[in-house]
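Undergrad: Structure file query.tsv (TSV, C-alpha atoms and all ligand atoms) is given on the next line.
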```
chain	number	residue	atom	x	y	z
A	28	MET	CA	-40.58	49.83	-16.65
A	29	SER	CA	-39.25	49.12	-13.17
A	30	THR	CA	-36.95	50.77	-10.67
A	31	HIS	CA	-34.18	48.79	-12.38
A	32	ASP	CA	-33.72	51.87	-14.54
A	33	TRP	CA	-33.50	54.29	-11.64
A	34	PRO	CA	-29.92	55.18	-10.75
A	35	LEU	CA	-28.49	54.55	-7.30
A	36	TYR	CA	-27.79	57.66	-5.24
A	37	GLU	CA	-25.59	57.90	-2.15
A	38	VAL	CA	-27.02	60.13	0.58
A	39	PHE	CA	-25.08	62.47	2.88
A	40	VAL	CA	-26.70	64.32	5.78
A	41	ARG	CA	-25.49	67.27	7.87
A	42	SER	CA	-27.06	66.56	11.24
A	43	LYS	CA	-26.63	70.10	12.54
A	44	ARG	CA	-24.84	73.35	11.83
A	45	GLY	CA	-21.12	73.09	12.48
A	46	LEU	CA	-20.83	69.42	11.49
A	47	ASN	CA	-19.81	67.79	8.21
A	48	HIS	CA	-22.19	65.96	5.91
A	49	VAL	CA	-21.92	62.25	6.71
A	50	HIS	CA	-22.79	59.31	4.49
A	51	VAL	CA	-25.97	57.62	5.76
A	52	GLY	CA	-26.93	55.16	3.03
A	53	SER	CA	-28.33	55.05	-0.47
A	54	LEU	CA	-31.57	54.97	-2.44
A	55	HIS	CA	-32.87	54.77	-5.99
A	56	ALA	CA	-34.64	57.68	-7.65
A	57	ALA	CA	-35.70	58.67	-11.15
A	58	ASP	CA	-33.86	62.00	-10.94
A	59	ASP	CA	-31.91	64.30	-8.62
A	60	ALA	CA	-34.95	66.14	-7.25
A	61	MET	CA	-36.70	62.90	-6.38
A	62	ALA	CA	-33.53	61.62	-4.74
A	63	VAL	CA	-33.41	64.62	-2.37
A	64	HIS	CA	-37.09	64.23	-1.62
A	65	ASN	CA	-36.85	60.52	-0.88
A	66	ALA	CA	-33.68	61.03	1.15
A	67	ARG	CA	-35.61	63.40	3.40
A	68	ASP	CA	-38.37	60.84	3.94
A	69	VAL	CA	-36.09	57.85	4.44
A	70	TYR	CA	-33.16	59.30	6.38
A	71	THR	CA	-34.48	62.33	8.31
A	72	ARG	CA	-37.83	61.38	9.85
A	73	ARG	CA	-36.71	62.59	13.30
A	74	ASN	CA	-34.81	65.82	12.70
A	75	GLU	CA	-31.63	63.93	11.85
A	76	GLY	CA	-30.65	66.57	9.32
A	77	VAL	CA	-30.53	70.23	8.38
A	78	SER	CA	-29.02	69.63	4.94
A	79	ILE	CA	-28.89	66.74	2.47
A	80	TRP	CA	-26.54	65.96	-0.40
A	81	VAL	CA	-27.27	63.25	-2.93
A	82	VAL	CA	-24.84	62.08	-5.57
A	83	LYS	CA	-25.18	59.37	-8.19
A	84	ALA	CA	-23.13	56.40	-7.00
A	85	ALA	CA	-21.76	56.06	-10.54
A	86	ASP	CA	-20.18	59.53	-10.25
A	87	ILE	CA	-18.08	58.70	-7.19
A	88	THR	CA	-14.40	58.01	-7.69
A	89	ALA	CA	-13.00	55.87	-4.87
A	90	SER	CA	-9.48	55.14	-3.74
A	91	SER	CA	-9.26	51.41	-4.38
A	92	PRO	CA	-11.23	48.21	-4.13
A	93	ASP	CA	-9.93	47.56	-0.64
A	94	GLU	CA	-10.13	49.64	2.51
A	95	LYS	CA	-6.63	48.46	3.46
A	96	ASP	CA	-4.35	49.44	0.66
A	97	PRO	CA	-0.78	50.58	-0.12
A	98	PHE	CA	-2.42	53.79	-1.36
A	99	PHE	CA	-2.48	54.89	2.28
A	100	ALA	CA	1.02	53.68	3.10
A	101	PRO	CA	2.62	57.13	2.65
A	102	SER	CA	0.68	58.42	5.65
A	103	ALA	CA	1.50	55.43	7.84
A	104	ASP	CA	5.28	55.86	7.83
A	105	LYS	CA	5.38	59.57	8.69
A	106	VAL	CA	5.22	59.48	12.45
A	107	TYR	CA	6.78	62.97	12.58
A	108	ARG	CA	3.38	64.33	11.49
A	109	HIS	CA	2.06	63.62	14.98
A	110	PRO	CA	2.73	65.82	18.02
A	111	THR	CA	3.65	62.83	20.18
A	112	PHE	CA	6.74	62.27	18.00
A	113	TYR	CA	8.53	65.16	19.76
A	114	ASP	CA	10.12	65.01	23.23
A	115	ILE	CA	9.63	68.19	25.19
A	116	PRO	CA	10.88	68.55	28.79
A	117	ASP	CA	8.06	68.14	31.34
A	118	ASP	CA	8.62	71.57	32.89
A	119	VAL	CA	7.94	73.52	29.69
A	120	PRO	CA	4.39	74.93	30.10
A	121	HIS	CA	1.55	75.30	27.55
A	122	MET	CA	2.91	72.89	24.93
B	13	MET	CA	0.80	48.94	-8.47
B	14	THR	CA	1.22	45.97	-6.19
B	15	ALA	CA	1.33	42.33	-7.15
B	16	GLN	CA	-2.02	40.51	-7.19
B	17	LEU	CA	-2.69	39.05	-3.76
B	18	SER	CA	-3.35	35.35	-3.69
B	19	GLU	CA	-6.66	33.93	-2.57
B	20	VAL	CA	-4.99	32.61	0.59
B	21	ASP	CA	-3.65	36.07	1.48
B	22	LEU	CA	-7.05	37.61	0.89
B	23	GLU	CA	-8.77	35.02	3.03
B	24	HIS	CA	-6.19	35.53	5.75
B	25	HIS	CA	-6.72	39.29	5.66
B	26	PHE	CA	-10.51	38.77	5.86
B	27	GLU	CA	-10.23	36.48	8.87
B	28	HIS	CA	-7.76	38.79	10.56
B	29	THR	CA	-10.19	41.69	10.15
B	30	ILE	CA	-13.02	39.71	11.76
B	31	GLU	CA	-10.82	38.34	14.53
B	32	HIS	CA	-9.88	41.90	15.54
B	33	ASP	CA	-13.54	42.92	15.63
B	34	GLN	CA	-13.07	45.22	12.67
B	35	ARG	CA	-15.83	45.61	10.11
B	36	ILE	CA	-15.90	44.15	6.62
B	37	GLU	CA	-16.72	46.92	4.14
B	38	PRO	CA	-18.43	46.53	0.73
B	39	ARG	CA	-15.36	46.68	-1.49
B	40	ASP	CA	-13.28	44.29	0.64
B	41	TRP	CA	-12.58	40.81	-0.59
B	42	MET	CA	-14.86	38.30	1.15
B	43	PRO	CA	-15.50	34.58	0.75
B	44	ASP	CA	-18.46	33.68	-1.47
B	45	GLY	CA	-20.18	31.96	1.44
B	46	TYR	CA	-19.97	35.11	3.56
B	47	ARG	CA	-21.39	37.25	0.74
B	48	LYS	CA	-24.23	34.78	0.13
B	49	THR	CA	-25.03	34.51	3.83
B	50	MET	CA	-25.12	38.29	4.23
B	51	ILE	CA	-27.30	38.79	1.15
B	52	ARG	CA	-29.74	36.16	2.38
B	53	GLN	CA	-29.82	37.52	5.95
B	54	ILE	CA	-30.16	41.19	4.97
B	55	ALA	CA	-32.73	40.55	2.22
B	56	GLN	CA	-34.82	38.39	4.53
B	57	HIS	CA	-34.63	41.10	7.16
B	58	ALA	CA	-35.59	43.83	4.66
B	59	HIS	CA	-38.55	41.79	3.41
B	60	SER	CA	-39.69	41.27	7.02
B	61	GLU	CA	-39.78	45.02	7.62
B	62	ILE	CA	-41.80	45.58	4.43
B	63	ILE	CA	-44.25	42.71	4.94
B	64	GLY	CA	-44.40	43.68	8.62
B	65	MET	CA	-46.22	46.87	7.65
B	66	GLN	CA	-49.34	44.87	6.74
B	67	PRO	CA	-50.63	43.41	10.03
B	68	GLU	CA	-50.61	46.82	11.70
B	69	GLY	CA	-51.43	48.79	8.56
B	70	ASN	CA	-54.68	46.84	8.76
B	71	TRP	CA	-55.75	49.03	11.70
B	72	ILE	CA	-54.71	52.52	10.57
B	73	THR	CA	-58.14	53.47	9.23
B	74	ARG	CA	-59.85	52.04	12.29
B	75	ALA	CA	-57.63	53.43	15.05
B	76	PRO	CA	-59.86	54.61	17.91
B	77	SER	CA	-58.49	58.16	18.12
B	78	LEU	CA	-56.52	60.66	16.08
B	79	ARG	CA	-53.61	60.24	18.52
B	80	ARG	CA	-53.50	56.47	18.00
B	81	LYS	CA	-53.86	56.89	14.25
B	82	ALA	CA	-50.95	59.32	14.04
B	83	ILE	CA	-48.77	57.03	16.18
B	84	LEU	CA	-49.65	53.94	14.14
B	85	LEU	CA	-49.00	55.74	10.85
B	86	ALA	CA	-45.60	56.87	12.10
B	87	LYS	CA	-44.73	53.36	13.23
B	88	VAL	CA	-45.73	51.73	9.96
B	89	GLN	CA	-43.82	54.42	8.07
B	90	ASP	CA	-40.76	53.61	10.20
B	91	GLU	CA	-41.00	49.96	9.16
B	92	ALA	CA	-40.95	51.07	5.51
B	93	GLY	CA	-37.84	53.08	6.33
B	94	HIS	CA	-36.23	50.06	7.99
B	95	GLY	CA	-36.88	48.03	4.87
B	96	LEU	CA	-35.19	50.70	2.76
B	97	TYR	CA	-32.11	50.99	5.01
B	98	LEU	CA	-31.73	47.23	4.68
B	99	TYR	CA	-32.25	47.04	0.91
B	100	SER	CA	-29.62	49.75	0.70
B	101	ALA	CA	-27.22	47.61	2.80
B	102	ALA	CA	-27.98	44.54	0.65
B	103	GLU	CA	-27.17	46.46	-2.52
B	104	THR	CA	-23.62	47.09	-1.31
B	105	LEU	CA	-23.12	43.33	-1.77
B	106	GLY	CA	-23.91	43.52	-5.47
B	107	VAL	CA	-27.61	42.70	-5.59
B	108	ASP	CA	-30.36	44.93	-6.90
B	109	ARG	CA	-33.28	46.08	-4.81
B	110	ALA	CA	-35.79	45.61	-7.64
B	111	ASP	CA	-34.59	42.00	-8.05
B	112	LEU	CA	-35.02	41.37	-4.34
B	113	THR	CA	-38.60	42.67	-4.49
B	114	GLU	CA	-39.31	40.37	-7.41
B	115	ARG	CA	-37.84	37.41	-5.54
B	116	LEU	CA	-40.02	38.18	-2.51
B	117	ILE	CA	-43.16	38.38	-4.64
B	118	ALA	CA	-42.22	35.15	-6.44
B	119	GLY	CA	-41.88	33.42	-3.05
B	120	LYS	CA	-38.17	32.74	-3.63
B	121	GLN	CA	-37.04	34.63	-0.53
B	122	LYS	CA	-38.45	34.43	2.97
B	123	TYR	CA	-39.54	36.93	5.58
B	124	SER	CA	-40.17	36.48	9.31
B	125	SER	CA	-42.78	33.84	10.16
B	126	ILE	CA	-44.46	36.21	12.64
B	127	PHE	CA	-46.12	38.34	9.97
B	128	ASN	CA	-48.22	35.44	8.75
B	129	TYR	CA	-50.56	35.74	11.73
B	130	PRO	CA	-53.64	37.99	11.57
B	131	THR	CA	-54.28	41.08	13.72
B	132	LEU	CA	-57.83	40.42	14.93
B	133	SER	CA	-58.51	43.34	17.27
B	134	PHE	CA	-57.02	46.73	18.11
B	135	ALA	CA	-55.38	45.14	21.14
B	136	ASP	CA	-53.22	43.26	18.63
B	137	VAL	CA	-51.64	46.57	17.64
B	138	GLY	CA	-50.50	46.99	21.24
B	139	VAL	CA	-49.34	43.40	21.65
B	140	VAL	CA	-47.44	43.46	18.36
B	141	GLY	CA	-45.60	46.59	19.53
B	142	TRP	CA	-44.88	45.08	22.92
B	143	LEU	CA	-43.97	41.48	22.03
B	144	VAL	CA	-43.13	41.43	18.31
B	145	ASP	CA	-41.11	44.63	18.28
B	146	GLY	CA	-39.75	43.58	21.69
B	147	ALA	CA	-38.48	40.29	20.24
B	148	ALA	CA	-37.13	42.16	17.23
B	149	ILE	CA	-35.17	44.46	19.55
B	150	CYS	CA	-33.71	41.43	21.36
B	151	ASN	CA	-32.58	40.03	18.00
B	152	GLN	CA	-31.35	43.31	16.58
B	153	VAL	CA	-29.34	44.92	19.36
B	154	PRO	CA	-26.49	42.36	19.02
B	155	LEU	CA	-26.62	42.82	15.22
B	156	CYS	CA	-25.43	46.41	15.69
B	157	ARG	CA	-22.04	44.66	16.09
B	158	SER	CA	-22.40	42.49	12.98
B	159	SER	CA	-19.10	42.11	11.15
B	160	TYR	CA	-20.61	43.51	7.95
B	161	GLY	CA	-20.31	47.31	8.24
B	162	PRO	CA	-23.34	48.49	6.22
B	163	TYR	CA	-25.61	46.00	8.00
B	164	ALA	CA	-24.32	46.99	11.44
B	165	ARG	CA	-24.85	50.68	10.65
B	166	ALA	CA	-28.40	50.05	9.38
B	167	MET	CA	-29.12	48.13	12.59
B	168	ILE	CA	-27.97	51.05	14.74
B	169	ARG	CA	-30.44	53.36	13.00
B	170	ILE	CA	-33.19	50.75	13.28
B	171	CYS	CA	-32.63	50.02	16.97
B	172	LYS	CA	-32.88	53.72	17.80
B	173	GLU	CA	-36.34	53.78	16.23
B	174	GLU	CA	-37.60	50.45	17.61
B	175	SER	CA	-37.76	51.69	21.17
B	176	PHE	CA	-40.67	53.99	20.26
B	177	HIS	CA	-42.43	51.02	18.65
B	178	GLN	CA	-42.32	48.90	21.75
B	179	ARG	CA	-43.22	51.70	24.13
B	180	GLN	CA	-46.24	52.90	22.15
B	181	GLY	CA	-47.54	49.32	22.16
B	182	PHE	CA	-47.07	48.88	25.88
B	183	GLU	CA	-48.67	52.25	26.62
B	184	LEU	CA	-51.67	51.36	24.46
B	185	LEU	CA	-52.11	48.11	26.42
B	186	THR	CA	-51.74	49.90	29.75
B	187	MET	CA	-54.61	52.18	28.78
B	188	MET	CA	-56.80	49.27	27.69
B	189	MET	CA	-56.07	47.47	30.98
B	190	ARG	CA	-57.43	50.52	32.81
B	191	GLY	CA	-60.65	50.27	30.77
B	192	THR	CA	-63.55	47.81	30.87
B	193	ASP	CA	-63.52	44.04	31.47
B	194	ALA	CA	-64.13	43.56	27.76
B	195	GLN	CA	-61.03	45.62	26.94
B	196	ARG	CA	-58.91	43.69	29.44
B	197	GLN	CA	-60.18	40.50	27.84
B	198	MET	CA	-59.10	41.77	24.42
B	199	VAL	CA	-55.57	42.37	25.72
B	200	GLN	CA	-55.37	38.91	27.30
B	201	ASP	CA	-56.73	37.29	24.14
B	202	ALA	CA	-54.20	39.09	21.92
B	203	THR	CA	-51.40	38.15	24.34
B	204	ASN	CA	-52.46	34.50	24.20
B	205	ARG	CA	-52.36	34.49	20.41
B	206	TRP	CA	-49.02	36.33	19.99
B	207	TRP	CA	-46.91	34.81	22.77
B	208	TRP	CA	-45.87	31.56	21.10
B	209	PRO	CA	-45.38	33.05	17.63
B	210	SER	CA	-43.13	35.70	19.25
B	211	LEU	CA	-40.95	32.97	20.74
B	212	MET	CA	-40.66	31.39	17.28
B	213	MET	CA	-39.22	34.65	15.93
B	214	PHE	CA	-35.82	33.62	17.29
B	215	GLY	CA	-35.71	30.70	14.87
B	216	PRO	CA	-35.31	26.95	15.36
B	217	PRO	CA	-33.65	25.56	18.49
B	218	ASP	CA	-29.84	25.55	18.43
B	219	ALA	CA	-29.72	21.79	17.88
B	220	ASP	CA	-31.69	22.32	14.65
B	221	SER	CA	-29.83	25.37	13.42
B	222	PRO	CA	-26.92	24.05	11.34
B	223	ASN	CA	-25.73	27.48	10.12
B	224	THR	CA	-25.33	29.00	13.56
B	225	ALA	CA	-21.70	27.90	14.11
B	226	GLN	CA	-20.48	29.43	10.84
B	227	SER	CA	-22.50	32.62	11.42
B	228	MET	CA	-21.03	32.99	14.91
B	229	ALA	CA	-17.51	32.44	13.55
B	230	TRP	CA	-18.09	35.18	10.98
B	231	LYS	CA	-19.59	37.38	13.71
B	232	VAL	CA	-22.72	37.98	11.64
B	233	LYS	CA	-24.57	36.40	14.53
B	234	ARG	CA	-23.52	37.16	18.11
B	235	HIS	CA	-25.77	34.86	20.18
B	236	THR	CA	-27.55	31.60	19.45
B	237	ASN	CA	-31.32	31.43	18.87
B	238	ASP	CA	-31.93	29.79	22.24
B	239	GLU	CA	-29.84	32.36	24.14
B	240	LEU	CA	-31.82	35.23	22.64
B	241	ARG	CA	-35.14	33.45	23.20
B	242	GLN	CA	-34.30	32.94	26.87
B	243	ARG	CA	-33.32	36.58	27.22
B	244	PHE	CA	-36.66	37.61	25.71
B	245	VAL	CA	-38.66	35.36	28.04
B	246	ASP	CA	-36.79	36.70	31.07
B	247	MET	CA	-37.47	40.28	30.00
B	248	SER	CA	-41.13	39.73	29.15
B	249	VAL	CA	-42.40	38.00	32.30
B	250	PRO	CA	-42.07	41.04	34.61
B	251	GLN	CA	-43.58	43.22	31.87
B	252	ALA	CA	-46.64	40.95	31.70
B	253	GLU	CA	-46.92	41.14	35.49
B	254	ALA	CA	-46.80	44.94	35.38
B	255	LEU	CA	-49.51	44.90	32.74
B	256	GLY	CA	-51.68	42.36	34.55
B	257	VAL	CA	-51.81	39.66	31.85
B	258	THR	CA	-50.54	36.07	31.80
B	259	PHE	CA	-48.73	34.09	29.12
B	260	PRO	CA	-50.46	30.92	27.87
B	261	ASP	CA	-47.81	28.52	29.19
B	262	PRO	CA	-48.41	26.39	32.31
B	263	ASP	CA	-44.70	25.47	32.41
B	264	LEU	CA	-43.54	29.07	32.62
B	265	LYS	CA	-41.89	29.55	36.01
B	266	TRP	CA	-38.77	30.97	37.63
B	267	ASN	CA	-35.93	28.51	38.03
B	268	PRO	CA	-33.66	29.79	40.83
B	269	GLY	CA	-31.01	27.19	39.98
B	270	ARG	CA	-30.62	28.48	36.43
B	271	GLY	CA	-31.41	32.08	37.25
B	272	HIS	CA	-33.85	32.06	34.32
B	273	TYR	CA	-37.49	31.33	33.59
B	274	ASP	CA	-38.26	27.81	32.39
B	275	PHE	CA	-40.83	27.63	29.64
B	276	GLY	CA	-42.80	25.00	27.75
B	277	GLU	CA	-42.14	23.26	24.46
B	278	ILE	CA	-42.65	25.37	21.33
B	279	ASP	CA	-44.85	23.90	18.59
B	280	TRP	CA	-42.15	23.58	15.93
B	281	ALA	CA	-44.54	21.76	13.59
B	282	GLU	CA	-46.59	24.96	13.37
B	283	PHE	CA	-43.41	26.98	12.72
B	284	LYS	CA	-42.37	24.64	9.88
B	285	GLU	CA	-45.83	24.79	8.31
B	286	ILE	CA	-45.64	28.57	8.24
B	287	LEU	CA	-42.19	28.50	6.66
B	288	ARG	CA	-43.63	26.15	4.05
B	289	GLY	CA	-46.18	28.83	3.22
B	290	ASN	CA	-49.15	27.34	5.06
B	291	GLY	CA	-49.67	29.91	7.81
B	292	PRO	CA	-52.98	31.72	8.25
B	293	CYS	CA	-51.91	34.77	6.18
B	294	ASN	CA	-48.97	33.73	3.94
B	295	ALA	CA	-50.92	33.91	0.67
B	296	GLU	CA	-52.66	37.15	1.65
B	297	ARG	CA	-49.37	38.91	2.57
B	298	ILE	CA	-47.68	38.11	-0.73
B	299	ALA	CA	-50.80	38.85	-2.78
B	300	HIS	CA	-51.06	42.23	-1.08
B	301	ARG	CA	-47.39	43.01	-1.66
B	302	LYS	CA	-47.76	42.08	-5.33
B	303	GLN	CA	-50.87	44.21	-5.67
B	304	ALA	CA	-49.13	47.23	-4.14
B	305	HIS	CA	-46.18	46.71	-6.48
B	306	ASP	CA	-48.39	46.35	-9.57
B	307	GLU	CA	-50.58	49.31	-8.67
B	308	GLY	CA	-47.47	51.44	-8.19
B	309	ALA	CA	-46.19	50.70	-11.71
B	310	TRP	CA	-47.79	53.77	-13.28
B	311	VAL	CA	-46.15	56.02	-10.65
B	312	ARG	CA	-42.73	54.58	-11.43
B	313	GLU	CA	-43.38	54.98	-15.16
B	314	ALA	CA	-44.54	58.57	-14.74
B	315	ALA	CA	-41.47	59.44	-12.63
B	316	ALA	CA	-39.15	57.94	-15.24
B	317	ALA	CA	-40.95	59.78	-18.07
B	318	HIS	CA	-40.72	63.06	-16.16
B	319	ALA	CA	-37.01	62.52	-15.49
B	320	ALA	CA	-36.40	61.82	-19.20
B	321	LYS	CA	-38.30	64.98	-20.19
B	322	GLN	CA	-36.28	67.11	-17.77
B	323	ARG	CA	-33.04	65.65	-19.13
B	324	ASP	CA	-34.10	66.46	-22.71
B	325	LYS	CA	-34.98	70.03	-21.71
B	326	GLU	CA	-31.58	70.48	-20.11
B	327	LEU	CA	-29.83	69.17	-23.20
B	328	ALA	CA	-31.85	71.48	-25.45
B	329	ALA	CA	-31.11	74.54	-23.31
C	401	FE	FE	-38.59	47.59	12.13
C	402	FE	FE	-40.65	48.03	14.67
```
Once more with this new file: its structure as structure tokens, please.
Ligand SMILES: [Fe+2]
Ligand SMILES: [Fe+2]
TA:
Amino acid sequence: MSTHDWPLYEVFVRSKRGLNHVHVGSLHAADDAMAVHNARDVYTRRNEGVSIWVVKAADITASSPDEKDPFFAPSADKVYRHPTFYDIPDDVPHM
Amino acid sequence: MTAQLSEVDLEHHFEHTIEHDQRIEPRDWMPDGYRKTMIRQIAQHAHSEIIGMQPEGNWITRAPSLRRKAILLAKVQDEAGHGLYLYSAAETLGVDRADLTERLIAGKQKYSSIFNYPTLSFADVGVVGWLVDGAAICNQVPLCRSSYGPYARAMIRICKEESFHQRQGFELLTMMMRGTDAQRQMVQDATNRWWWPSLMMFGPPDADSPNTAQSMAWKVKRHTNDELRQRFVDMSVPQAEALGVTFPDPDLKWNPGRGHYDFGEIDWAEFKEILRGNGPCNAERIAHRKQAHDEGAWVREAAAAHAAKQRDKELAA
């Protein structure tokens, strides 16, 4: 038996209160509890985290094989979603 | 759905990404050569971190004080962590960590030549931190901008931790230099033994490094071996002066014309022998790694058995 049989987990760490969990890397573990334990030892040796999530890599659904994809095209052509799209006279305050 | 992109389009997109200093991410298309190069580079780096635990691990039980023991333990544990960050980065390219470990043990993949030298006295712990981790930092800082995203991110984490490694080593040596003549002699002796091997850590001279051009074009390497070696020499000389030791090189002297230190010829025959497996500790390092792996088998089996039992319990409930 080798670690071949241990699933791959992706690790997410919240570095401090008020911030999101951020992906930091991955590891192999026999089960969920071991994954959290190992994640603490590997990714938070210097107070890098106050909370850890682990999730089996096999359970993640991703957008597409490529980071640059037509899947995101709908957000690229909607410039009117950004505040800079609108012309406001310079002398209007607080806007 | 979009039409299948042709190989030429994909290659163009890949090159465009690199040209604009953007990162390649795991699920992007990449040329086979790039994937192979990255797997080799990252695996070799991961193995170096793991094998690199041994020379210093050798001194944990014999550290002269509780303070030094705690520091050394933390440093060696960091190196284990570095190995794991890097195996994790390698796995994003489609290889398996367990396979990489097997390839290391079988002698099919390399690790840094430096870890095939012995650590003969406690002063070696200090000199390894100062020079070996120092050279590693020189090599690794530019890799934080490697074009392969997961590798670059692992390097950022690693570089943050390396600074402690170098400083603890230098501080240890500073204390020994304030001690007895015998202690100062130990520091000088360790420096003499580690200086040349540290310079070899940057790899063969540029003229002998056929892959450098392609690696620079792919931005997986940012400076040539000789550039980084020169940078390391220039940084180390004033540190040696501050410490009160000399490097074992009669040709080492400041060249005002170049604005750099000149240094003597490196013994590349010795370097090649070590890469061939004939260094003072090659066999010992791999044997030890294999032993640790074999002796850990029952732990891995027990963990898997426990996980299976828990799963069965959950299903039954
Ligand atoms: Fe390291
Ligand atoms: Fe280190």
Undergrad: Would you mind telling me which residue in B:Ala320, B:Met167, B:Ala110, B:Ala225 lies nearest to ligand FE 402 (chain C) when using all atoms listed in the file?
TA: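 Result for the nearest residue to ligand FE 402 (chain C): B:Met167.
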Undergrad: I want to know what sits within 7 Å of Ile126 of chain B, based on only C-alpha atoms, with residues of the same chain fewer than 2 positions away left out; could you give that as a list in words?
TA: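 My list of contacting residues is Ser124, Asn128, Tyr129, Pro209, Ser210 and Met213 of chain B.
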Undergrad: Neighbours of ligand FE 401 (chain C) within 7 Å, counting all atoms listed in the file, as a PyMOL selection string?
TA: chain B and resi 61+90-91+94+170+174
Undergrad: Next, dump the selected residues to file, keeping only C-alpha atoms, as a short mmCIF file (atom, residue, chain, number, x, y, z; two decimals), keeping the file's coordinate frame.
TA:
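And here is the file that came out, result30.cif:
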```
data_model
loop_
_atom_site.label_atom_id
_atom_site.label_comp_id
_atom_site.auth_asym_id
_atom_site.auth_seq_id
_atom_site.Cartn_x
_atom_site.Cartn_y
_atom_site.Cartn_z
CA GLU B 61 -39.78 45.02 7.62
CA ASP B 90 -40.76 53.61 10.20
CA GLU B 91 -41.00 49.96 9.16
CA HIS B 94 -36.23 50.06 7.99
CA ILE B 170 -33.19 50.75 13.28
CA GLU B 174 -37.60 50.45 17.61
#
```
Undergrad: Check every residue of chain B for an atom within 8 Å of chain A, counting only C-alpha atoms, and provide those that qualify as a ChimeraX atom specification.
TA: /B:14,37,39-41,93,96-97,100-101,108,110,309,312-313,315-316,319
Undergrad: Of the candidates A:Val40, A:Ile115, A:Ala100, A:Val106, which shows the shortest atom-to-atom distance to Val81 of chain A, using all atoms listed in the file?
TA: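 Of A:Val40, A:Ile115, A:Ala100, A:Val106, the one nearest Val81 of chain A, counting all atoms listed in the file, is A:Val40.
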Undergrad: Could you check how far atom CA of Leu185 of chain B sits from atom CA of Ala86 of chain B, in Å to one decimal?
TA: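 Separation between atom CA of Leu185 of chain B and atom CA of Ala86 of chain B: 18.0 Å.
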Undergrad: Dump as a Markdown table the rows for residues of chain B within 9 Å of ligand FE 402 (chain C): closest atom pair and distance in Å with one decimal, only C-alpha atoms and all ligand atoms counted, ordered by chain and rising residue number.
TA:
```
| residue | atom | partner | partner_atom | distance |
| --- | --- | --- | --- | --- |
| B:Glu61 | CA | C:FE402 | FE | 7.7 |
| B:Gly64 | CA | C:FE402 | FE | 8.3 |
| B:Lys87 | CA | C:FE402 | FE | 6.9 |
| B:Val88 | CA | C:FE402 | FE | 7.9 |
| B:Asp90 | CA | C:FE402 | FE | 7.2 |
| B:Glu91 | CA | C:FE402 | FE | 5.8 |
| B:His94 | CA | C:FE402 | FE | 8.3 |
| B:Val140 | CA | C:FE402 | FE | 9.0 |
| B:Gly141 | CA | C:FE402 | FE | 7.1 |
| B:Val144 | CA | C:FE402 | FE | 7.9 |
| B:Asp145 | CA | C:FE402 | FE | 5.0 |
| B:Gly146 | CA | C:FE402 | FE | 8.4 |
| B:Ala148 | CA | C:FE402 | FE | 7.3 |
| B:Ile149 | CA | C:FE402 | FE | 8.2 |
| B:Ile170 | CA | C:FE402 | FE | 8.1 |
| B:Cys171 | CA | C:FE402 | FE | 8.6 |
| B:Glu173 | CA | C:FE402 | FE | 7.4 |
| B:Glu174 | CA | C:FE402 | FE | 4.9 |
| B:Ser175 | CA | C:FE402 | FE | 8.0 |
| B:Phe176 | CA | C:FE402 | FE | 8.2 |
| B:His177 | CA | C:FE402 | FE | 5.3 |
| B:Gln178 | CA | C:FE402 | FE | 7.3 |
```
Undergrad: Hey, can you pull every residue with an atom no more than 12 Å from (-57.5, 53.9, 18.9), using all atoms listed in the file, and send it as an mmCIF file with C-alpha atoms, in the frame of the given file?
TA:
```
data_model
loop_
_atom_site.group_PDB
_atom_site.id
_atom_site.type_symbol
_atom_site.label_atom_id
_atom_site.label_comp_id
_atom_site.auth_asym_id
_atom_site.auth_seq_id
_atom_site.Cartn_x
_atom_site.Cartn_y
_atom_site.Cartn_z
ATOM 1 C CA TRP B 71 -55.750 49.030 11.700
ATOM 2 C CA ILE B 72 -54.710 52.520 10.570
ATOM 3 C CA THR B 73 -58.140 53.470 9.230
ATOM 4 C CA ARG B 74 -59.850 52.040 12.290
ATOM 5 C CA ALA B 75 -57.630 53.430 15.050
ATOM 6 C CA PRO B 76 -59.860 54.610 17.910
ATOM 7 C CA SER B 77 -58.490 58.160 18.120
ATOM 8 C CA LEU B 78 -56.520 60.660 16.080
ATOM 9 C CA ARG B 79 -53.610 60.240 18.520
ATOM 10 C CA ARG B 80 -53.500 56.470 18.000
ATOM 11 C CA LYS B 81 -53.860 56.890 14.250
ATOM 12 C CA ALA B 82 -50.950 59.320 14.040
ATOM 13 C CA ILE B 83 -48.770 57.030 16.180
ATOM 14 C CA LEU B 84 -49.650 53.940 14.140
ATOM 15 C CA LEU B 85 -49.000 55.740 10.850
ATOM 16 C CA SER B 133 -58.510 43.340 17.270
ATOM 17 C CA PHE B 134 -57.020 46.730 18.110
ATOM 18 C CA ALA B 135 -55.380 45.140 21.140
ATOM 19 C CA ASP B 136 -53.220 43.260 18.630
ATOM 20 C CA VAL B 137 -51.640 46.570 17.640
ATOM 21 C CA GLY B 138 -50.500 46.990 21.240
ATOM 22 C CA GLN B 180 -46.240 52.900 22.150
ATOM 23 C CA GLY B 181 -47.540 49.320 22.160
ATOM 24 C CA GLU B 183 -48.670 52.250 26.620
ATOM 25 C CA LEU B 184 -51.670 51.360 24.460
ATOM 26 C CA LEU B 185 -52.110 48.110 26.420
ATOM 27 C CA MET B 187 -54.610 52.180 28.780
ATOM 28 C CA MET B 188 -56.800 49.270 27.690
#
```
Undergrad: I'd like the contact shell of Asp33 of chain B - 12 Å cut-off, all atoms listed in the file, skipping same-chain residues fewer than 2 positions apart - returned as a list in words.
TA: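 Once the nearby chain positions are removed, what remains is Phe26, Glu27, His28, Thr29, Ile30, Glu31, Arg35, Ile36, Arg157, Ser158, Ser159, Tyr160, Gly161, Ala229, Trp230, Lys231, Val232 and Arg234 of chain B.
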